[in-house]
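Data file: final24.cif. Format and content: mmCIF, C-alpha atoms.
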```cif
data_model
loop_
_atom_site.group_PDB
_atom_site.id
_atom_site.type_symbol
_atom_site.label_atom_id
_atom_site.label_comp_id
_atom_site.auth_asym_id
_atom_site.auth_seq_id
_atom_site.Cartn_x
_atom_site.Cartn_y
_atom_site.Cartn_z
ATOM 1 C CA MET E 187 -14.930 -0.219 -6.965
ATOM 2 C CA SER E 188 -15.129 -0.480 -3.212
ATOM 3 C CA LEU E 189 -18.466 -2.251 -3.610
ATOM 4 C CA ILE E 190 -16.882 -4.818 -5.908
ATOM 5 C CA ALA E 191 -14.038 -5.476 -3.482
ATOM 6 C CA ARG E 192 -16.553 -6.019 -0.689
ATOM 7 C CA HIS E 193 -18.649 -8.381 -2.804
ATOM 8 C CA LEU E 194 -15.703 -10.524 -3.927
ATOM 9 C CA GLU E 195 -14.354 -10.672 -0.396
ATOM 10 C CA ALA E 196 -17.744 -11.609 1.073
ATOM 11 C CA ASN E 197 -17.753 -14.490 -1.398
ATOM 12 C CA GLY E 198 -14.354 -15.803 -0.435
ATOM 13 C CA ILE E 199 -11.971 -13.991 -2.792
ATOM 14 C CA PRO E 200 -9.348 -11.839 -1.054
ATOM 15 C CA THR E 201 -9.026 -8.380 -2.584
ATOM 16 C CA VAL E 202 -6.906 -5.267 -2.471
ATOM 17 C CA VAL E 203 -8.071 -1.883 -3.765
ATOM 18 C CA MET E 204 -5.506 0.488 -5.267
ATOM 19 C CA GLY E 205 -6.671 4.089 -5.234
ATOM 20 C CA CYS E 206 -6.030 7.791 -4.676
ATOM 21 C CA ALA E 207 -9.245 8.909 -2.916
ATOM 22 C CA LYS E 208 -8.594 7.981 0.690
ATOM 23 C CA ASP E 209 -11.708 9.356 2.323
ATOM 24 C CA ILE E 210 -14.124 7.867 -0.218
ATOM 25 C CA VAL E 211 -12.708 4.331 -0.065
ATOM 26 C CA GLU E 212 -12.382 4.346 3.721
ATOM 27 C CA HIS E 213 -15.888 5.757 4.140
ATOM 28 C CA CYS E 214 -17.237 2.751 2.253
ATOM 29 C CA GLY E 215 -14.953 0.278 3.971
ATOM 30 C CA VAL E 216 -12.878 -2.237 2.017
ATOM 31 C CA PRO E 217 -10.842 -5.217 3.205
ATOM 32 C CA ARG E 218 -7.441 -3.863 2.073
ATOM 33 C CA PHE E 219 -6.573 -0.508 0.545
ATOM 34 C CA LEU E 220 -3.309 0.695 -0.909
ATOM 35 C CA PHE E 221 -3.562 4.464 -0.899
ATOM 36 C CA SER E 222 -1.313 6.545 -3.164
ATOM 37 C CA ASP E 223 -1.442 10.250 -2.346
ATOM 38 C CA PHE E 224 -1.401 11.246 -6.019
ATOM 39 C CA PRO E 225 -3.787 13.208 -8.246
ATOM 40 C CA LEU E 226 -6.771 11.035 -9.248
ATOM 41 C CA GLY E 227 -5.904 8.903 -12.256
ATOM 42 C CA ASN E 228 -2.636 7.449 -10.923
ATOM 43 C CA SER E 229 -3.727 4.596 -8.706
ATOM 44 C CA ALA E 230 -1.064 2.305 -10.154
ATOM 45 C CA GLY E 231 1.903 4.683 -9.727
ATOM 46 C CA ARG E 232 3.419 7.823 -11.188
ATOM 47 C CA PRO E 233 3.259 8.166 -14.979
ATOM 48 C CA HIS E 234 6.438 7.268 -16.873
ATOM 49 C CA ASP E 235 8.024 6.060 -13.666
ATOM 50 C CA PRO E 236 8.305 2.262 -13.853
ATOM 51 C CA ASP E 237 10.003 2.030 -10.454
ATOM 52 C CA SER E 238 7.117 3.770 -8.761
ATOM 53 C CA GLN E 239 4.607 1.599 -10.631
ATOM 54 C CA ARG E 240 6.405 -1.552 -9.626
ATOM 55 C CA LEU E 241 6.630 -0.496 -5.983
ATOM 56 C CA THR E 242 2.946 0.442 -5.951
ATOM 57 C CA LEU E 243 1.895 -3.001 -7.165
ATOM 58 C CA GLU E 244 4.356 -4.737 -4.851
ATOM 59 C CA LEU E 245 2.863 -2.885 -1.873
ATOM 60 C CA ALA E 246 -0.616 -3.977 -2.946
ATOM 61 C CA LEU E 247 0.565 -7.603 -3.037
ATOM 62 C CA GLN E 248 2.134 -7.252 0.399
ATOM 63 C CA LEU E 249 -1.193 -5.969 1.711
ATOM 64 C CA LEU E 250 -2.901 -9.057 0.312
ATOM 65 C CA GLU E 251 -0.415 -11.173 2.217
ATOM 66 C CA THR E 252 -0.156 -9.350 5.522
ATOM 67 C CA ALA E 253 -3.276 -7.306 6.333
ATOM 68 C CA PRO E 254 -4.427 -8.439 9.786
ATOM 69 C CA GLY E 255 -8.105 -7.591 9.212
ATOM 70 C CA PRO E 256 -10.615 -5.511 7.264
ATOM 71 C CA ARG E 257 -10.212 -1.763 6.626
ATOM 72 C CA THR E 258 -6.436 -2.087 6.524
ATOM 73 C CA THR E 259 -5.050 0.950 4.686
ATOM 74 C CA LEU E 260 -1.430 1.221 3.697
ATOM 75 C CA GLN E 261 -0.256 4.590 2.417
ATOM 76 C CA SER E 262 2.420 4.406 -0.224
ATOM 77 C CA PRO E 263 5.578 6.254 0.864
ATOM 78 C CA LEU E 264 5.827 7.833 -2.589
ATOM 79 C CA HIS E 265 5.039 11.499 -3.192
ATOM 80 C CA TRP E 266 3.782 13.302 -6.242
ATOM 81 C CA PRO E 267 6.769 15.228 -7.528
ATOM 82 C CA ALA E 268 6.723 18.991 -7.095
ATOM 83 C CA ASP E 269 4.623 21.216 -4.902
ATOM 84 C CA PRO E 270 1.631 19.743 -2.990
ATOM 85 C CA ARG E 271 -0.448 22.626 -4.357
ATOM 86 C CA TRP E 272 -2.443 20.192 -6.539
ATOM 87 C CA LYS E 273 -4.236 19.196 -3.366
ATOM 88 C CA LEU E 274 -5.681 22.692 -2.992
ATOM 89 C CA ASP E 275 -6.744 22.934 -6.611
ATOM 90 C CA PHE E 276 -8.908 19.866 -7.253
ATOM 91 C CA SER E 277 -12.605 20.822 -7.585
ATOM 92 C CA ASN E 278 -12.038 23.665 -5.143
ATOM 93 C CA ILE E 279 -15.016 25.961 -5.416
ATOM 94 C CA ASP E 280 -13.289 28.749 -3.506
ATOM 95 C CA GLN E 281 -10.892 29.191 -6.404
ATOM 96 C CA LEU E 282 -13.511 29.658 -9.122
ATOM 97 C CA SER E 283 -15.021 32.890 -10.418
ATOM 98 C CA ASP E 284 -18.785 33.209 -10.956
ATOM 99 C CA GLU E 285 -18.254 32.980 -14.727
ATOM 100 C CA GLU E 286 -16.225 29.809 -14.352
ATOM 101 C CA ILE E 287 -18.882 28.300 -12.080
ATOM 102 C CA ALA E 288 -21.551 29.080 -14.687
ATOM 103 C CA ARG E 289 -19.401 27.587 -17.442
ATOM 104 C CA ARG E 290 -18.818 24.400 -15.469
ATOM 105 C CA ARG E 291 -22.511 24.073 -14.677
ATOM 106 C CA GLN E 292 -23.278 24.208 -18.372
ATOM 107 C CA GLU E 293 -20.580 21.671 -19.129
ATOM 108 C CA PHE E 294 -21.826 19.350 -16.405
ATOM 109 C CA ASP E 295 -25.403 19.519 -17.694
ATOM 110 C CA LYS E 296 -24.129 18.683 -21.151
ATOM 111 C CA SER E 297 -22.165 15.665 -19.866
ATOM 112 C CA LYS E 298 -25.178 14.447 -17.936
ATOM 113 C CA ALA E 299 -27.315 14.620 -21.066
ATOM 114 C CA VAL E 300 -24.745 12.647 -23.065
ATOM 115 C CA ALA E 301 -24.441 10.041 -20.317
ATOM 116 C CA LYS E 302 -28.211 9.712 -20.095
ATOM 117 C CA GLN E 303 -28.503 9.177 -23.822
ATOM 118 C CA ARG E 304 -25.718 6.604 -23.847
ATOM 119 C CA ARG E 305 -27.264 4.827 -20.885
ATOM 120 C CA GLU E 306 -30.605 4.588 -22.668
ATOM 121 C CA GLU E 307 -28.954 3.342 -25.845
ATOM 122 C CA ALA E 308 -27.096 0.713 -23.830
ATOM 123 C CA ALA E 309 -30.307 -0.394 -22.150
ATOM 124 C CA THR E 310 -32.037 -1.019 -25.477
ATOM 125 C CA SER E 311 -29.102 -2.630 -27.283
ATOM 126 C CA MET Q 104 6.019 30.791 14.689
ATOM 127 C CA ASN Q 105 5.992 29.591 11.108
ATOM 128 C CA GLU Q 106 9.714 29.492 11.132
ATOM 129 C CA GLN Q 107 9.699 27.387 14.262
ATOM 130 C CA ILE Q 108 7.267 24.956 12.708
ATOM 131 C CA SER Q 109 9.256 24.653 9.529
ATOM 132 C CA GLY Q 110 12.300 24.029 11.716
ATOM 133 C CA LEU Q 111 10.566 20.912 12.977
ATOM 134 C CA GLY Q 112 10.309 19.452 9.502
ATOM 135 C CA PHE Q 113 6.509 19.441 9.382
ATOM 136 C CA ALA Q 114 4.847 19.252 5.975
ATOM 137 C CA ALA Q 115 2.706 22.091 4.617
ATOM 138 C CA GLU Q 116 -0.682 22.136 6.282
ATOM 139 C CA HIS Q 117 -2.507 21.318 3.040
ATOM 140 C CA ASP Q 118 -0.161 18.445 2.242
ATOM 141 C CA CYS Q 119 -2.550 15.755 3.415
ATOM 142 C CA PRO Q 120 -5.013 13.503 1.548
ATOM 143 C CA ILE Q 121 -7.650 15.599 -0.246
ATOM 144 C CA PRO Q 122 -11.021 15.513 1.571
ATOM 145 C CA TYR Q 123 -12.842 14.564 -1.649
ATOM 146 C CA MET Q 124 -16.293 14.048 -0.175
ATOM 147 C CA GLU Q 125 -16.339 17.497 1.394
ATOM 148 C CA ARG Q 126 -14.703 19.109 -1.662
ATOM 149 C CA LEU Q 127 -17.187 17.592 -4.109
ATOM 150 C CA ARG Q 128 -20.172 18.285 -1.907
ATOM 151 C CA SER Q 129 -19.477 22.028 -1.866
ATOM 152 C CA TYR Q 130 -18.487 21.984 -5.516
ATOM 153 C CA TYR Q 131 -21.780 20.557 -6.736
ATOM 154 C CA LEU Q 132 -23.881 22.505 -4.239
ATOM 155 C CA THR Q 133 -22.355 25.767 -5.469
ATOM 156 C CA LEU Q 134 -22.842 24.683 -9.068
ATOM 157 C CA GLY Q 135 -26.517 24.503 -8.194
ATOM 158 C CA TYR Q 136 -27.150 20.826 -7.615
ATOM 159 C CA GLY Q 137 -28.924 20.153 -4.327
ATOM 160 C CA ASN Q 138 -29.434 16.670 -2.946
ATOM 161 C CA PRO Q 139 -25.731 15.843 -2.574
ATOM 162 C CA TYR Q 140 -24.403 12.446 -3.629
ATOM 163 C CA LYS Q 141 -24.541 9.826 -0.920
ATOM 164 C CA TRP Q 142 -21.314 7.877 -0.849
ATOM 165 C CA ALA Q 143 -21.506 4.174 -0.125
ATOM 166 C CA HIS Q 144 -20.880 3.587 3.550
ATOM 167 C CA TYR Q 145 -20.875 0.477 5.745
ATOM 168 C CA ALA Q 146 -20.240 -0.177 9.395
ATOM 169 C CA ASP Q 147 -18.877 -3.669 8.768
ATOM 170 C CA THR Q 148 -16.411 -4.910 6.178
ATOM 171 C CA PRO Q 149 -15.820 -8.508 5.054
ATOM 172 C CA PHE Q 150 -12.387 -10.093 5.211
ATOM 173 C CA VAL Q 151 -10.901 -13.421 4.167
ATOM 174 C CA ALA Q 152 -7.254 -14.414 4.301
ATOM 175 C CA LEU Q 153 -5.345 -15.638 1.251
ATOM 176 C CA LYS Q 154 -5.698 -19.388 0.990
ATOM 177 C CA LYS Q 155 -2.329 -19.969 -0.624
ATOM 178 C CA PRO Q 156 0.929 -18.058 -0.981
ATOM 179 C CA LEU Q 157 0.967 -15.558 -3.846
ATOM 180 C CA ALA Q 158 3.743 -17.548 -5.482
ATOM 181 C CA GLU Q 159 1.127 -20.271 -6.010
ATOM 182 C CA ALA Q 160 -1.807 -17.965 -6.697
ATOM 183 C CA ARG Q 161 -3.647 -16.776 -9.761
ATOM 184 C CA VAL Q 162 -4.374 -13.072 -9.489
ATOM 185 C CA ALA Q 163 -7.196 -11.182 -11.219
ATOM 186 C CA LEU Q 164 -7.248 -7.523 -12.199
ATOM 187 C CA VAL Q 165 -10.389 -5.356 -12.161
ATOM 188 C CA THR Q 166 -10.402 -1.851 -13.618
ATOM 189 C CA THR Q 167 -12.633 1.202 -14.116
ATOM 190 C CA ALA Q 168 -10.813 2.102 -17.336
ATOM 191 C CA ALA Q 169 -12.708 1.850 -20.635
ATOM 192 C CA PRO Q 170 -11.719 0.299 -23.961
ATOM 193 C CA TYR Q 171 -10.918 3.004 -26.501
ATOM 194 C CA GLN Q 172 -13.951 3.659 -28.737
ATOM 195 C CA PRO Q 173 -12.877 5.424 -31.942
ATOM 196 C CA ASP Q 174 -16.398 6.748 -32.598
ATOM 197 C CA GLN Q 175 -16.777 8.426 -29.217
ATOM 198 C CA GLY Q 176 -14.619 11.514 -29.507
ATOM 199 C CA ASP Q 177 -11.421 12.552 -27.760
ATOM 200 C CA GLN Q 178 -10.396 10.043 -25.124
ATOM 201 C CA GLY Q 179 -6.960 11.379 -24.481
ATOM 202 C CA PRO Q 180 -4.327 11.540 -23.325
ATOM 203 C CA GLY Q 181 -5.335 14.877 -21.829
ATOM 204 C CA ALA Q 182 -8.928 14.758 -23.102
ATOM 205 C CA ALA Q 183 -11.640 16.743 -21.359
ATOM 206 C CA TYR Q 184 -14.195 14.739 -19.427
ATOM 207 C CA ASN Q 185 -15.942 12.575 -22.019
ATOM 208 C CA ALA Q 186 -19.279 11.128 -20.923
ATOM 209 C CA GLY Q 187 -19.665 9.553 -24.372
ATOM 210 C CA ALA Q 188 -16.802 7.169 -23.627
ATOM 211 C CA LYS Q 189 -18.593 5.564 -20.712
ATOM 212 C CA PHE Q 190 -19.670 1.937 -20.760
ATOM 213 C CA TYR Q 191 -22.653 0.335 -19.117
ATOM 214 C CA LYS Q 192 -21.930 -3.343 -18.881
ATOM 215 C CA VAL Q 193 -19.115 -5.334 -17.347
ATOM 216 C CA TYR Q 194 -16.567 -6.233 -20.018
ATOM 217 C CA SER Q 195 -13.542 -8.511 -20.029
ATOM 218 C CA GLY Q 196 -10.309 -8.566 -21.996
ATOM 219 C CA ASP Q 197 -7.529 -11.056 -22.600
ATOM 220 C CA THR Q 198 -4.559 -10.396 -20.322
ATOM 221 C CA ASP Q 199 -2.233 -11.790 -23.016
ATOM 222 C CA ASP Q 200 -3.114 -8.791 -25.163
ATOM 223 C CA LYS Q 201 -2.020 -5.204 -24.740
ATOM 224 C CA PRO Q 202 -5.394 -3.544 -24.297
ATOM 225 C CA ASP Q 203 -5.894 0.122 -25.146
ATOM 226 C CA LEU Q 204 -7.773 1.396 -22.117
ATOM 227 C CA ARG Q 205 -8.564 5.043 -21.366
ATOM 228 C CA ILE Q 206 -9.963 7.040 -18.453
ATOM 229 C CA SER Q 207 -11.441 10.083 -20.215
ATOM 230 C CA HIS Q 208 -14.870 9.029 -18.867
ATOM 231 C CA LEU Q 209 -13.668 9.415 -15.268
ATOM 232 C CA GLY Q 210 -13.163 12.468 -13.065
ATOM 233 C CA TYR Q 211 -9.390 12.281 -12.817
ATOM 234 C CA ASP Q 212 -7.259 15.325 -12.089
ATOM 235 C CA ARG Q 213 -6.901 16.977 -15.473
ATOM 236 C CA LYS Q 214 -4.820 19.857 -14.280
ATOM 237 C CA TYR Q 215 -1.956 17.818 -12.907
ATOM 238 C CA THR Q 216 -2.040 14.607 -14.886
ATOM 239 C CA THR Q 217 -2.895 13.637 -18.452
ATOM 240 C CA ALA Q 218 -3.440 9.871 -18.414
ATOM 241 C CA ASP Q 219 -0.758 9.411 -21.064
ATOM 242 C CA ASP Q 220 0.738 6.338 -19.406
ATOM 243 C CA LEU Q 221 -1.562 3.313 -19.205
ATOM 244 C CA ASN Q 222 0.675 1.789 -16.541
ATOM 245 C CA SER Q 223 -0.172 4.577 -14.095
ATOM 246 C CA TYR Q 224 -3.807 3.498 -13.985
ATOM 247 C CA PHE Q 225 -3.848 -0.102 -15.250
ATOM 248 C CA PRO Q 226 -1.035 -2.249 -13.797
ATOM 249 C CA LEU Q 227 -1.250 -5.216 -16.170
ATOM 250 C CA ALA Q 228 2.319 -4.898 -17.474
ATOM 251 C CA GLN Q 229 3.637 -4.699 -13.913
ATOM 252 C CA LEU Q 230 1.557 -7.714 -12.859
ATOM 253 C CA LYS Q 231 2.864 -9.763 -15.789
ATOM 254 C CA ALA Q 232 6.430 -8.788 -14.873
ATOM 255 C CA LEU Q 233 5.905 -9.986 -11.300
ATOM 256 C CA ALA Q 234 4.394 -13.238 -12.617
ATOM 257 C CA SER Q 235 7.416 -13.853 -14.803
ATOM 258 C CA GLU Q 236 9.616 -13.395 -11.742
ATOM 259 C CA GLY Q 237 7.550 -15.850 -9.716
ATOM 260 C CA ARG Q 238 6.188 -13.282 -7.243
ATOM 261 C CA ILE Q 239 2.725 -14.540 -8.205
ATOM 262 C CA LYS Q 240 2.061 -17.764 -10.095
ATOM 263 C CA HIS Q 241 -0.286 -16.500 -12.812
ATOM 264 C CA VAL Q 242 -2.093 -13.453 -14.022
ATOM 265 C CA ALA Q 243 -5.722 -14.545 -14.489
ATOM 266 C CA PRO Q 244 -6.553 -15.099 -18.191
ATOM 267 C CA ARG Q 245 -8.901 -12.095 -18.330
ATOM 268 C CA PHE Q 246 -9.104 -8.667 -16.746
ATOM 269 C CA HIS Q 247 -12.531 -7.213 -16.020
ATOM 270 C CA GLY Q 248 -13.903 -3.717 -16.504
ATOM 271 C CA ALA Q 249 -16.504 -2.265 -14.164
ATOM 272 C CA PRO Q 250 -18.906 0.530 -15.146
ATOM 273 C CA THR Q 251 -18.692 3.533 -12.815
ATOM 274 C CA ASN Q 252 -21.586 5.643 -13.914
ATOM 275 C CA ARG Q 253 -24.580 3.710 -12.766
ATOM 276 C CA SER Q 254 -26.628 3.788 -9.623
ATOM 277 C CA GLN Q 255 -25.141 2.132 -6.582
ATOM 278 C CA ALA Q 256 -28.076 -0.294 -6.701
ATOM 279 C CA ALA Q 257 -27.128 -1.337 -10.259
ATOM 280 C CA THR Q 258 -23.497 -1.744 -9.214
ATOM 281 C CA ILE Q 259 -24.483 -3.977 -6.315
ATOM 282 C CA ASP Q 260 -27.251 -5.977 -8.035
ATOM 283 C CA GLN Q 261 -25.661 -6.471 -11.437
ATOM 284 C CA ASP Q 262 -22.000 -5.513 -11.789
ATOM 285 C CA CYS Q 263 -20.754 -7.029 -8.515
ATOM 286 C CA THR Q 264 -22.506 -10.320 -9.267
ATOM 287 C CA GLU Q 265 -21.219 -10.380 -12.842
ATOM 288 C CA ILE Q 266 -17.622 -9.659 -11.841
ATOM 289 C CA LEU Q 267 -17.680 -12.271 -9.085
ATOM 290 C CA SER Q 268 -18.903 -14.873 -11.541
ATOM 291 C CA ARG Q 269 -16.213 -13.980 -14.119
ATOM 292 C CA VAL Q 270 -13.436 -13.916 -11.522
ATOM 293 C CA ARG Q 271 -14.565 -17.357 -10.345
ATOM 294 C CA GLU Q 272 -14.707 -18.722 -13.897
ATOM 295 C CA ASP Q 273 -11.102 -17.590 -14.264
ATOM 296 C CA GLY Q 274 -10.134 -19.549 -11.171
ATOM 297 C CA ALA Q 275 -8.604 -16.511 -9.474
ATOM 298 C CA ASP Q 276 -7.325 -16.824 -5.919
ATOM 299 C CA ALA Q 277 -7.184 -13.061 -5.278
ATOM 300 C CA ALA Q 278 -8.163 -9.842 -7.028
ATOM 301 C CA ILE Q 279 -6.529 -6.447 -7.429
ATOM 302 C CA ILE Q 280 -9.115 -3.746 -7.935
ATOM 303 C CA VAL Q 281 -7.858 -0.491 -9.372
ATOM 304 C CA ALA Q 282 -10.052 2.560 -8.858
ATOM 305 C CA ASN Q 283 -9.540 5.731 -10.884
#
```

Would you put the structure from the file into structure tokens?
Amino acid sequence: MSLIARHLEANGIPTVVMGCAKDIVEHCGVPRFLFSDFPLGNSAGRPHDPDSQRLTLELALQLLETAPGPRTTLQSPLHWPADPRWKLDFSNIDQLSDEEIARRRQEFDKSKAVAKQRREEAATS
Amino acid sequence: MNEQISGLGFAAEHDCPIPYMERLRSYYLTLGYGNPYKWAHYADTPFVALKKPLAEARVALVTTAAPYQPDQGDQGPGAAYNAGAKFYKVYSGDTDDKPDLRISHLGYDRKYTTADDLNSYFPLAQLKALASEGRIKHVAPRFHGAPTNRSQAATIDQDCTEILSRVREDGADAAIIVAN
């Protein structure tokens, strides 16, 4: 998505990226980035919380209006409710047993095979 | 010492943005996949200012979410990662509709969130509300979906070009791009 923002911007269309993966978006470099420090999947605000969703979009619009230059990141002041422990858990290899690692490897191989098949189908359709 | 620190109102040490690149690199290396993913990275970044106030602007929405495909298995809420629900070409939808978009094909945090509220990952309803209040002039007539599962070269050569051309056709003055 960062690549799309860059391409639109380079062609004259101002953009703002809304996202939850701060390091990945900033590593790429985008014109404007509204960062929400939430679990991945909630770039537009907390689920079932219309006030947070509205504020999140409003902040993105304000970034469009006021960013002074590229790579402007604004961090939403909102927090994910409850303990910040979710930050330790996501894809954290140190927390997984050998059996779980083996299981995930198998699962990942399976997903890759499905994706490959779908990609090939899409290419021929 | 800990007590002193907590007396200062500092947050827990791990309460900072997740270092995803580092986390995923060790995750996949330990799973047995060498040759770690190379994230897109640039030294320079383009920038253009808005050409008109948002109250006079038409705003486009770009998403990584996928249209629900009934023949492609469980797509949630709460579904396991579903590679079958991926899509491979840019698609567009009418912003006057209420599209049924899912993110089961993406690596979102399945332990702490279930993707059971479209508005937490696709802010179309919010954008329409702000348009009706005059905060922006119009929502662009279409939203656009970007594939996430292809090579970076395909994203740059095909998807970026396609989305730019659709956003231009829609006469959009600015774009909101929602990653998930």

Could you tell me which residues the PyMOL selection byres ((chain E) within 7 of (chain Q)) returns for this structure, as a PyMOL selection string? chain E and resi 187+189-196+198-205+207-210+213-217+223+225-234+239-240+251+255-257+270+272-274+276-279+287+291+297+300-301+304-305+308

Atom CA of E:Arg290 to atom CA of Q:Lys141, distance in Å rounded to a single decimal: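 The value is 21.4 Å.
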
Please indicate the distance in Å from atom CA of E:Phe224 to atom CA of E:Pro254, rounded to one decimal place.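 Distance between the two atoms: 25.4 Å.
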
To one decimal place in Å, what is the distance between atom CA of Q:Tyr194 and atom CA of Q:His247? 5.8 Å

Tell me which protein, DNA and RNA residues are within 7 Å of E:Ala253, counting only C-alpha atoms, leaving out same-chain ones fewer than 4 positions away, and put them as a PDB file with C-alpha atoms, in the coordinates of the input.
```pdb
ATOM      1  CA  ARG E 218      -7.441  -3.863   2.073  1.00  0.00           C
ATOM      2  CA  LEU E 249      -1.193  -5.969   1.711  1.00  0.00           C
ATOM      3  CA  THR E 258      -6.436  -2.087   6.524  1.00  0.00           C
TER       4      THR E 258
END
```
